[in-house]
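Only one structure is covered here, and it is reproduced in the block below.
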Amino acid sequence: MMRELSDNILDIAQNSIAARATLIKITVSVSHAANRISLCFEDNGCGMSPEMVQTVAEPFTTSRKTRKVGLGLPFLKQTALMTGGTFDLSSSLGVGTTVCASFGLDHIDRPPLGDVASAFYTLILLNPAVDFLFVYLYDEKRFEFDTRIVRQTIEPLRLDEPEISDWIRENLNQEISLLHGGSFS
Amino acid sequence: MKSLEELAAIRKRMLEQVNMRKDDKIDTRVVVGMCTCGIAAGARPVMLEFISELKRRGLENVTVAQTGCIGMCRLEPIVDVYVKGQEKVTYVHMTPEKVARIVNDHIVNGRPVEEYTIGYQG
């Protein structure tokens, strides 16, 4: 199991990247009223066949050839279900995949959300050719970060140029802590 | 996203610099295992520490990249350091605390940190 939900964000997004997605939308939402945290991943990658969708959240399903286990989705599903949450996955070949997991906010087994800003920053830094749309909903507040807008603004520079990635990190840190209005785990 | 003007100013400043980073200057690669096992073992803080340490020292000849699972999950987080013309060095059970010494001893001064390597700990 992951120590923080933000590690799951980093991990599940790798599936989209492996599926050659060019745009990955990740929505994190925290609702005290609904007593829920949810993570949603939507990509425009290659998608999966209905057969693959049936078994993909099982530990012994993986698309890689080197070994027979894949634990990313099973970890996410297990954490969701054991905290009284939900797990949904839909996919269609050639269109993309959507994975949504929710967690009981006040459940004793819910891992801390962790450093979401650093997870987003890491994804951008390590995959400068992929576009990300991050949406963070915290009760009534909303923060959006779209790498397509950043890319347009800095053209022809790359997202992983040190000065640019520093700006991205600071922006994510600032905006997300502003959203919390203090600390939240 | 608020300060796009600030971003545009950074862009302008960078485009004016004569000394733009060129990919052919790269002679060292730091590759961090970032699969499920690596992430669960704490690869993210290790990767971020490499990025900041390299930046702190202004080392522009080094890139940091990720790879999938290498197959030795119990030794994660694993970091491979490739210096041009030398054999790959694999560091295991990495922590952010080990990063500064690898950058100093190995990447800058060319002496791999034996006791952090797979041959020593594996």
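Going by the structure tokens order, chains are called A, B, ..., each with residues numbered from 1, while ligands are numbered from 1 in the order shown.
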Mind the document's chain letters and residue numbers, and return as JSON, numbers by chain the residues of chain A that DSSP labels strand (DSSP E or B). {"A": [23, 24, 25, 26, 27, 28, 29, 30, 31, 36, 37, 38, 39, 40, 41, 42, 43, 86, 87, 88, 89, 90, 91, 92, 96, 97, 98, 99, 100, 101, 102, 103, 104, 131, 132, 133, 134, 135, 136, 137, 138, 141, 142, 143, 144, 145, 146]}
Can you pull out the residues contacting range 40-48 of chain B? Cut-off 6 Å, using only C-alpha atoms, and skip same-chain residues under 6 positions away; I want them as a PDB file with N, CA and C atoms, in the first residue's frame.
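Ended up saving to part.pdb:
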```
ATOM      1  N   MET A   2       0.307   2.320  -0.581  1.00  0.00           N
ATOM      2  CA  MET A   2       1.046   3.574  -0.598  1.00  0.00           C
ATOM      3  C   MET A   2       0.878   4.290   0.743  1.00  0.00           C
TER       4      MET A   2
ATOM      5  N   GLU B  76      14.303  -1.197  -3.621  1.00  0.00           N
ATOM      6  CA  GLU B  76      13.852   0.159  -3.968  1.00  0.00           C
ATOM      7  C   GLU B  76      13.944   1.087  -2.755  1.00  0.00           C
ATOM      8  N   PRO B  77      14.032   2.395  -2.966  1.00  0.00           N
ATOM      9  CA  PRO B  77      14.197   3.097  -4.236  1.00  0.00           C
ATOM     10  C   PRO B  77      15.591   2.866  -4.847  1.00  0.00           C
ATOM     11  N   THR B  95      17.743   7.175  -0.119  1.00  0.00           N
ATOM     12  CA  THR B  95      17.001   8.138   0.694  1.00  0.00           C
ATOM     13  C   THR B  95      17.444   9.529   0.244  1.00  0.00           C
ATOM     14  N   PRO B  96      16.629  10.546   0.523  1.00  0.00           N
ATOM     15  CA  PRO B  96      17.040  11.911   0.164  1.00  0.00           C
ATOM     16  C   PRO B  96      18.370  12.290   0.818  1.00  0.00           C
TER      17      PRO B  96
END
```
Interface list for chain B, partner chain A, 8 Å threshold, only C-alpha atoms, as a list in words: Met1, Leu4, Leu7, Ala8, Ile10, Arg11, Met34, Cys35, Thr36, Ile39, Ala40, Arg44, Leu48, Lys55, Ala65 and Gln66 of chain B
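Close contacts of Ala21 in chain A, defined as residues with an atom at most 6 Å away when counting only C-alpha atoms, with chain neighbours fewer than 2 positions off set aside, comprise Ser16, Ile17, Ala19, Leu23, Asp43, Asn44 and Gly45 of chain A.
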Env of Cys40 in chain A: 9 Å cut, atoms = only C-alpha atoms, seq-sep filter 3 positions within chain, self excluded. Answer as a list in words. Lys25, Ile26, Thr27, Val28, Ser29, Thr98, Val99, Cys100, Ala101 and Ser102 of chain A
Among range 32-129 of chain A, which residues does DSSP mark as alpha helix (DSSP H) when it is run on the backbone? Keep the chain and numbering as in the structure and answer as a ChimeraX atom specification. /A:50-55,72-82,116-126
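Each of B:Thr117, B:Val64, B:Glu6, B:Gln86 was checked against Ser52 in chain B using only C-alpha atoms; the smallest atom-to-atom distance is that of B:Val64.
Neighbouring residues of Leu81 in chain A at 12 Å or closer, counting only C-alpha atoms and skipping chain neighbours under 2 positions away, are Pro74, Phe75, Leu76, Lys77, Gln78, Thr79, Thr83, Gly84, Gly85, Thr86, Phe87, Asp88, Ala101, Ser102, Phe103, Gly104, His107, Asp109 and Arg110 of chain A.
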Show which residues sit within 9 Å of Tyr138 in chain A, as an NGL selection string. Count only C-alpha atoms, and ignore same-chain residues fewer than 6 positions away. :A and (28-32 or 179-180)
